[in-house]
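Report on the structure given below.
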Amino acid sequence: MEKKPFVTKELIEEIVKKYPTPFHIYDEKGIRENARRLKKAFSWNKGYKEYFAVKATPNPYILKILKEEGCGVDCSSLTELMLSDIVGFKNDEIMFSSNVTPKEDFVFARQLNAYINFDDITHIDFYKELAPFAKTMCLRYNPGGDFTLNNEIMDTPKDAKYGMTREQMKDAIIKLKSYGVESFGIHAFLASNTKDNGYYPKLASILFNLAVELKNECDCHIEFVNLSGGVGVDYKPSEPKNDIELIGQGVKEAYERILIPNNMGDVKIFTELGRFMLAPYGHLVCKAIHEKHIYKEYIGLDACAANLMRPAMYGAYHHITVLGKENEKCDHIYDVTGGLCENNDKFAIDRKLPKIDIGDYIVIHDTGAHGFSMGYNYNGKLRSAELLLKEDGSVIQIRRKEEPADYFATLDLDKFRK
Ligand SMILES: *Cc1c(COP(=O)(O)O)cnc(C)c1O
């Protein structure tokens, strides 16, 4: 099975006249349609809201599209809060779920009247010195152990730095109640990039049961359950696609089984998806600029790991399409590399592809989330532009590429110039 890019060779040849490669390009139509599918899948819950994880794609144009589709934002830093504020997210449209949080971040989150999600019980007294508590505060849970689904270990919360123990969850609520907090949200993120429709329903069961127990133990009102992120995408063409309709139904089933009989039918469901909202709707478009024939066959691109870190950092698979050669036989085996002085700067290793010629345009798929945003400036490489393919087929630039002056902006070079 092949992955089909949302751009054609002809469109890219048009675009590069104005915006040379490499660049990230996003598909507005795909983003909107997917956001609507998600909203529909959870429409059975009156208070449902998706808080897009800003770190996945921190661009105001993208945030605005999602805002128009009814999403809020999930922020973890001062600058993510500032960006969300500028785009117009307000009050309960902002979730602040950080960890190891600096003082000024808490203060600004409270100024924006965002929901604040405490990562640790010690944050309560840390925060108390900084700002007044809101009516509702959220707490992040870490159940420890392994997180399993169908007897398979999906992740290991016991090794994760996030969240509080079961004991601490209870103690935190008692403490916050004594400080005047009236309602609580509970949150957990237990597995990343899951490809099983059972992940959210299993997580929901854990958090719903916890909500019932905490309500009984602490005599408190649980306002929302935040299922956070973690619903994955099919980076490999052979992988299954998550069925968001089925996922929504699975969470509904758990809600009706656990919360409804406990008189908790007013609990709102929140999600904080990043990858699922954006990854498939972004491409990194680049050009083959070198080939090399030594012990292996190499194709060198004008993009590098500084534009997309996931392959270098996680060994992640990203599908590659050679534009205009979609129907040619994949009878060559290449390592497709960037130009960093790091041997892990490889977008693909031993990948079967059609014969690539210098000047061919290459699409690296599923870079819409955790793509541009994880970029960095190692080796003095500059960040690329970001473009948006609008619903009407036109293309606009939504972030210009960096210039050397951007790279030098924090240095006082005048002191060194003769
Ligand atoms: C990263 C993150 C998300 C989004 O995760 P995805 O894997 O992109 O869905 C959501 N919530 C929090 C707190 C995060 O740190």
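Chain labels A, B, ... are given in the sequence in which chains occur in the structure tokens; within each chain residues are numbered consecutively from 1, and ligands are likewise numbered from 1 in the order shown.
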Residues within 6 Å of ligand 1, counting only C-alpha atoms and all ligand atoms, as a VMD selection string: chain A and resid 53 56 97 192 to 193 228 to 231 272 to 276
How would you write, as a ChimeraX atom specification, the set of residues in segment 143-274 of chain A that DSSP gives as strand (DSSP E or B)? /A:147-149,152-155,164,183-187,194,221-226,231,268-271
Have a look at atom CA of Met164 of chain A and atom CA of His187 of chain A and let me know their distance in Å, one decimal.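 Distance between the two atoms: 10.2 Å.
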Selection near Gly144 of chain A, 9 Å with only C-alpha atoms, sequence-local residues under 2 positions removed, as an MDAnalysis selection string: chainID A and resid 142 146:147 156:160 165:166
Write out as a JSON list (two decimals) with N, CA, C and O atoms, in the first residue's frame each polymer residue whose atoms come within 9 Å of Lys39 of chain A, counting only C-alpha atoms; drop sequence neighbours fewer than 2 positions from it.
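Wrote it out as selection-v6.json, contents follow:
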```json
[["chain", "number", "residue", "atom", "x", "y", "z"],
["A", 34, "ASN", "N", -10.58, 16.27, 9.78],
["A", 34, "ASN", "CA", -10.20, 15.39, 10.89],
["A", 34, "ASN", "C", -10.71, 15.94, 12.22],
["A", 34, "ASN", "O", -11.22, 15.20, 13.07],
["A", 35, "ALA", "N", -10.58, 17.27, 12.41],
["A", 35, "ALA", "CA", -11.05, 17.89, 13.65],
["A", 35, "ALA", "C", -12.56, 17.68, 13.81],
["A", 35, "ALA", "O", -13.07, 17.46, 14.91],
["A", 36, "ARG", "N", -13.28, 17.73, 12.67],
["A", 36, "ARG", "CA", -14.74, 17.53, 12.72],
["A", 36, "ARG", "C", -15.08, 16.08, 13.06],
["A", 36, "ARG", "O", -16.03, 15.82, 13.82],
["A", 37, "ARG", "N", -14.30, 15.14, 12.52],
["A", 37, "ARG", "CA", -14.54, 13.72, 12.86],
["A", 37, "ARG", "C", -14.35, 13.49, 14.35],
["A", 37, "ARG", "O", -15.12, 12.79, 15.00],
["A", 41, "ALA", "N", -17.14, 12.32, 17.11],
["A", 41, "ALA", "CA", -16.96, 11.04, 17.84],
["A", 41, "ALA", "C", -17.22, 11.21, 19.33],
["A", 41, "ALA", "O", -17.56, 10.24, 20.02],
["A", 42, "PHE", "N", -17.02, 12.43, 19.85],
["A", 42, "PHE", "CA", -17.24, 12.68, 21.28],
["A", 42, "PHE", "C", -18.46, 13.56, 21.55],
["A", 42, "PHE", "O", -18.65, 14.05, 22.66],
["A", 43, "SER", "N", -19.29, 13.75, 20.53],
["A", 43, "SER", "CA", -20.43, 14.66, 20.67],
["A", 43, "SER", "C", -21.47, 14.14, 21.66],
["A", 43, "SER", "O", -22.34, 14.89, 22.09],
["A", 48, "TYR", "N", -17.61, 18.00, 26.10],
["A", 48, "TYR", "CA", -16.37, 17.58, 25.43],
["A", 48, "TYR", "C", -15.61, 18.73, 24.80],
["A", 48, "TYR", "O", -16.19, 19.61, 24.15],
["A", 49, "LYS", "N", -14.29, 18.71, 24.97],
["A", 49, "LYS", "CA", -13.44, 19.68, 24.27],
["A", 49, "LYS", "C", -12.06, 19.09, 24.00],
["A", 49, "LYS", "O", -11.47, 18.46, 24.86],
["A", 50, "GLU", "N", -11.57, 19.32, 22.77],
["A", 50, "GLU", "CA", -10.18, 18.98, 22.43],
["A", 50, "GLU", "C", -9.31, 20.20, 22.68],
["A", 50, "GLU", "O", -9.61, 21.31, 22.20],
["A", 69, "GLU", "N", -12.59, 25.36, 14.54],
["A", 69, "GLU", "CA", -13.24, 24.05, 14.62],
["A", 69, "GLU", "C", -13.66, 23.70, 16.05],
["A", 69, "GLU", "O", -14.02, 22.56, 16.34],
["A", 70, "GLY", "N", -13.52, 24.66, 16.96],
["A", 70, "GLY", "CA", -14.03, 24.44, 18.31],
["A", 70, "GLY", "C", -13.01, 23.91, 19.30],
["A", 70, "GLY", "O", -13.37, 23.54, 20.42],
["A", 71, "CYS", "N", -11.75, 23.87, 18.91],
["A", 71, "CYS", "CA", -10.73, 23.34, 19.82],
["A", 71, "CYS", "C", -10.19, 24.43, 20.74],
["A", 71, "CYS", "O", -10.20, 25.62, 20.40]]
```
Determine which residues of segment 27-57 of chain A DSSP labels as alpha helix (DSSP H) from the backbone of this structure, then write them out as a ChimeraX atom specification. /A:28-41
Give me, as a PDB file with N, CA and C atoms, in the first residue's frame, all polymer residues having an atom no more than 8 Å from Lys9 of chain A, counting only C-alpha atoms and skipping those fewer than 2 positions away in the same chain.
```
ATOM      1  N   VAL A   7       0.078  16.804  -2.050  1.00  0.00           N
ATOM      2  CA  VAL A   7       0.577  17.727  -3.074  1.00  0.00           C
ATOM      3  C   VAL A   7       1.044  16.917  -4.285  1.00  0.00           C
ATOM      4  N   LEU A  11       2.174  21.035  -8.464  1.00  0.00           N
ATOM      5  CA  LEU A  11       1.948  22.074  -7.454  1.00  0.00           C
ATOM      6  C   LEU A  11       3.279  22.503  -6.825  1.00  0.00           C
ATOM      7  N   ILE A  12       4.113  21.541  -6.493  1.00  0.00           N
ATOM      8  CA  ILE A  12       5.403  21.884  -5.861  1.00  0.00           C
ATOM      9  C   ILE A  12       6.269  22.699  -6.817  1.00  0.00           C
ATOM     10  N   GLU A  13       6.247  22.345  -8.102  1.00  0.00           N
ATOM     11  CA  GLU A  13       7.047  23.117  -9.074  1.00  0.00           C
ATOM     12  C   GLU A  13       6.566  24.563  -9.143  1.00  0.00           C
ATOM     13  N   LEU A 323       8.270  12.708  -5.773  1.00  0.00           N
ATOM     14  CA  LEU A 323       7.170  13.295  -6.555  1.00  0.00           C
ATOM     15  C   LEU A 323       7.374  13.061  -8.055  1.00  0.00           C
ATOM     16  N   GLY A 324       6.295  12.681  -8.704  1.00  0.00           N
ATOM     17  CA  GLY A 324       6.338  12.384 -10.133  1.00  0.00           C
ATOM     18  C   GLY A 324       6.739  10.945 -10.421  1.00  0.00           C
ATOM     19  N   TYR A 361      12.004  16.169  -6.393  1.00  0.00           N
ATOM     20  CA  TYR A 361      11.358  16.644  -5.162  1.00  0.00           C
ATOM     21  C   TYR A 361      10.894  15.454  -4.335  1.00  0.00           C
TER      22      TYR A 361
END
```
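Among the candidates A:Asn113, A:Ser76, A:Thr101, A:Asn263, the one nearest to Phe89 of chain A when counting only C-alpha atoms is A:Asn113.
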Extract, using only C-alpha atoms, all DNA, RNA and protein residues at most 8 Å from segment 16-27 of chain A, discarding same-chain residues fewer than 3 positions from it, and format them as a PDB file with N, CA, C and O atoms, in the first residue's frame.
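Final file, around_29.pdb:
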```pdb
ATOM      1  N   PHE A   6      -0.550  14.916  -0.298  1.00  0.00           N
ATOM      2  CA  PHE A   6      -1.641  15.835  -0.632  1.00  0.00           C
ATOM      3  C   PHE A   6      -1.161  16.932  -1.581  1.00  0.00           C
ATOM      4  O   PHE A   6      -1.879  17.881  -1.866  1.00  0.00           O
ATOM      5  N   ILE A  12       4.113  21.541  -6.493  1.00  0.00           N
ATOM      6  CA  ILE A  12       5.403  21.884  -5.861  1.00  0.00           C
ATOM      7  C   ILE A  12       6.269  22.699  -6.817  1.00  0.00           C
ATOM      8  O   ILE A  12       6.923  23.679  -6.411  1.00  0.00           O
ATOM      9  N   GLU A  13       6.247  22.345  -8.102  1.00  0.00           N
ATOM     10  CA  GLU A  13       7.047  23.117  -9.074  1.00  0.00           C
ATOM     11  C   GLU A  13       6.566  24.563  -9.143  1.00  0.00           C
ATOM     12  O   GLU A  13       7.370  25.476  -9.365  1.00  0.00           O
ATOM     13  N   GLY A  30      -7.591  18.799   5.159  1.00  0.00           N
ATOM     14  CA  GLY A  30      -7.401  17.578   5.945  1.00  0.00           C
ATOM     15  C   GLY A  30      -7.506  17.857   7.438  1.00  0.00           C
ATOM     16  O   GLY A  30      -8.118  17.086   8.196  1.00  0.00           O
ATOM     17  N   ILE A  31      -6.913  18.974   7.877  1.00  0.00           N
ATOM     18  CA  ILE A  31      -6.939  19.331   9.305  1.00  0.00           C
ATOM     19  C   ILE A  31      -8.382  19.545   9.763  1.00  0.00           C
ATOM     20  O   ILE A  31      -8.809  19.030  10.802  1.00  0.00           O
ATOM     21  N   TYR A 281      -1.305  15.685   8.214  1.00  0.00           N
ATOM     22  CA  TYR A 281      -1.657  16.829   7.367  1.00  0.00           C
ATOM     23  C   TYR A 281      -0.472  17.774   7.188  1.00  0.00           C
ATOM     24  O   TYR A 281      -0.662  18.956   6.893  1.00  0.00           O
ATOM     25  N   GLY A 282       0.724  17.251   7.357  1.00  0.00           N
ATOM     26  CA  GLY A 282       1.940  18.016   7.098  1.00  0.00           C
ATOM     27  C   GLY A 282       2.935  17.180   6.320  1.00  0.00           C
ATOM     28  O   GLY A 282       3.045  15.973   6.538  1.00  0.00           O
ATOM     29  N   HIS A 283       3.620  17.818   5.375  1.00  0.00           N
ATOM     30  CA  HIS A 283       4.726  17.180   4.654  1.00  0.00           C
ATOM     31  C   HIS A 283       5.961  18.056   4.817  1.00  0.00           C
ATOM     32  O   HIS A 283       5.845  19.291   4.819  1.00  0.00           O
ATOM     33  N   LEU A 284       7.122  17.420   4.908  1.00  0.00           N
ATOM     34  CA  LEU A 284       8.378  18.140   4.705  1.00  0.00           C
ATOM     35  C   LEU A 284       8.759  17.907   3.244  1.00  0.00           C
ATOM     36  O   LEU A 284       8.962  16.761   2.835  1.00  0.00           O
ATOM     37  N   VAL A 285       8.798  19.007   2.485  1.00  0.00           N
ATOM     38  CA  VAL A 285       9.114  18.890   1.056  1.00  0.00           C
ATOM     39  C   VAL A 285      10.555  19.333   0.855  1.00  0.00           C
ATOM     40  O   VAL A 285      10.954  20.422   1.293  1.00  0.00           O
ATOM     41  N   CYS A 286      11.352  18.472   0.231  1.00  0.00           N
ATOM     42  CA  CYS A 286      12.754  18.798   0.032  1.00  0.00           C
ATOM     43  C   CYS A 286      13.215  18.321  -1.342  1.00  0.00           C
ATOM     44  O   CYS A 286      12.433  17.769  -2.105  1.00  0.00           O
ATOM     45  N   LYS A 287      14.491  18.544  -1.622  1.00  0.00           N
ATOM     46  CA  LYS A 287      15.011  18.244  -2.949  1.00  0.00           C
ATOM     47  C   LYS A 287      16.272  17.397  -2.803  1.00  0.00           C
ATOM     48  O   LYS A 287      17.070  17.611  -1.892  1.00  0.00           O
ATOM     49  N   ASP A 302      18.243  18.585   0.734  1.00  0.00           N
ATOM     50  CA  ASP A 302      18.489  19.947   1.220  1.00  0.00           C
ATOM     51  C   ASP A 302      17.854  20.187   2.594  1.00  0.00           C
ATOM     52  O   ASP A 302      17.944  21.281   3.141  1.00  0.00           O
ATOM     53  N   ALA A 303      17.182  19.174   3.154  1.00  0.00           N
ATOM     54  CA  ALA A 303      16.693  19.234   4.538  1.00  0.00           C
ATOM     55  C   ALA A 303      17.547  18.292   5.386  1.00  0.00           C
ATOM     56  O   ALA A 303      18.257  17.433   4.851  1.00  0.00           O
ATOM     57  N   THR A 367       4.616  14.843   8.835  1.00  0.00           N
ATOM     58  CA  THR A 367       5.493  15.735   9.604  1.00  0.00           C
ATOM     59  C   THR A 367       4.728  16.915  10.195  1.00  0.00           C
ATOM     60  O   THR A 367       5.326  17.874  10.667  1.00  0.00           O
ATOM     61  N   GLY A 368       3.378  16.826  10.189  1.00  0.00           N
ATOM     62  CA  GLY A 368       2.572  17.963  10.637  1.00  0.00           C
ATOM     63  C   GLY A 368       2.603  18.198  12.139  1.00  0.00           C
ATOM     64  O   GLY A 368       2.275  19.279  12.612  1.00  0.00           O
ATOM     65  N   PHE A 372       8.358  20.392  12.429  1.00  0.00           N
ATOM     66  CA  PHE A 372       9.011  21.703  12.500  1.00  0.00           C
ATOM     67  C   PHE A 372       9.328  22.084  13.944  1.00  0.00           C
ATOM     68  O   PHE A 372      10.385  22.608  14.255  1.00  0.00           O
ATOM     69  N   SER A 384      13.298  25.982   8.421  1.00  0.00           N
ATOM     70  CA  SER A 384      12.659  26.188   7.117  1.00  0.00           C
ATOM     71  C   SER A 384      11.417  27.061   7.256  1.00  0.00           C
ATOM     72  O   SER A 384      10.978  27.393   8.360  1.00  0.00           O
ATOM     73  N   ALA A 385      10.829  27.399   6.131  1.00  0.00           N
ATOM     74  CA  ALA A 385       9.522  28.055   6.119  1.00  0.00           C
ATOM     75  C   ALA A 385       8.437  27.030   6.412  1.00  0.00           C
ATOM     76  O   ALA A 385       8.657  25.818   6.340  1.00  0.00           O
ATOM     77  N   GLU A 386       7.246  27.557   6.792  1.00  0.00           N
ATOM     78  CA  GLU A 386       6.034  26.739   6.874  1.00  0.00           C
ATOM     79  C   GLU A 386       5.010  27.354   5.937  1.00  0.00           C
ATOM     80  O   GLU A 386       4.811  28.584   5.929  1.00  0.00           O
ATOM     81  N   LEU A 387       4.367  26.499   5.142  1.00  0.00           N
ATOM     82  CA  LEU A 387       3.362  26.951   4.179  1.00  0.00           C
ATOM     83  C   LEU A 387       2.041  26.279   4.498  1.00  0.00           C
ATOM     84  O   LEU A 387       2.000  25.227   5.139  1.00  0.00           O
ATOM     85  N   LEU A 388       0.968  26.909   4.031  1.00  0.00           N
ATOM     86  CA  LEU A 388      -0.369  26.338   4.233  1.00  0.00           C
ATOM     87  C   LEU A 388      -1.056  26.195   2.882  1.00  0.00           C
ATOM     88  O   LEU A 388      -1.189  27.171   2.141  1.00  0.00           O
ATOM     89  N   LEU A 389      -1.464  24.971   2.574  1.00  0.00           N
ATOM     90  CA  LEU A 389      -2.298  24.721   1.394  1.00  0.00           C
ATOM     91  C   LEU A 389      -3.738  24.929   1.838  1.00  0.00           C
ATOM     92  O   LEU A 389      -4.274  24.158   2.633  1.00  0.00           O
ATOM     93  N   LYS A 390      -4.326  26.026   1.358  1.00  0.00           N
ATOM     94  CA  LYS A 390      -5.667  26.382   1.835  1.00  0.00           C
ATOM     95  C   LYS A 390      -6.731  25.527   1.148  1.00  0.00           C
ATOM     96  O   LYS A 390      -6.467  24.827   0.175  1.00  0.00           O
ATOM     97  N   GLU A 391      -7.926  25.619   1.707  1.00  0.00           N
ATOM     98  CA  GLU A 391      -9.015  24.802   1.159  1.00  0.00           C
ATOM     99  C   GLU A 391      -9.319  25.130  -0.299  1.00  0.00           C
ATOM    100  O   GLU A 391      -9.751  24.259  -1.060  1.00  0.00           O
TER     101      GLU A 391
END
```
Might you pull out every residue within 7 Å of Val251 of chain A, with only C-alpha atoms counted and same-chain residues fewer than 2 positions away left off, and present them as a VMD selection string? chain A and resid 200 to 201 204 247 to 249 253 to 255
File dump, residues just selected, N, CA and C atoms, as a CSV table (one decimal), in the first residue's frame:
```csv
chain,number,residue,atom,x,y,z
A,200,TYR,N,-7.6,4.8,24.4
A,200,TYR,CA,-8.4,5.8,25.1
A,200,TYR,C,-9.5,5.1,26.0
A,201,PRO,N,-10.2,4.1,25.5
A,201,PRO,CA,-11.2,3.5,26.4
A,201,PRO,C,-10.6,2.9,27.6
A,204,ALA,N,-9.6,5.7,29.9
A,204,ALA,CA,-10.8,6.3,30.4
A,204,ALA,C,-11.3,5.5,31.6
A,247,ILE,N,-13.2,4.8,18.8
A,247,ILE,CA,-12.6,5.2,20.0
A,247,ILE,C,-13.5,6.0,20.9
A,248,GLY,N,-14.3,6.9,20.3
A,248,GLY,CA,-15.3,7.7,21.0
A,248,GLY,C,-16.4,6.8,21.6
A,249,GLN,N,-16.8,5.8,20.8
A,249,GLN,CA,-17.8,4.9,21.3
A,249,GLN,C,-17.2,4.1,22.5
A,253,GLU,N,-18.8,3.9,26.2
A,253,GLU,CA,-19.2,2.7,26.9
A,253,GLU,C,-18.6,2.7,28.3
A,254,ALA,N,-17.4,3.1,28.5
A,254,ALA,CA,-16.8,3.2,29.9
A,254,ALA,C,-17.5,4.2,30.7
A,255,TYR,N,-17.8,5.3,30.1
A,255,TYR,CA,-18.5,6.4,30.8
A,255,TYR,C,-19.9,5.9,31.4
```
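In this model, the gap between atom CA of Asn45 of chain A and atom CA of Ala109 of chain A comes to 26.4 Å.
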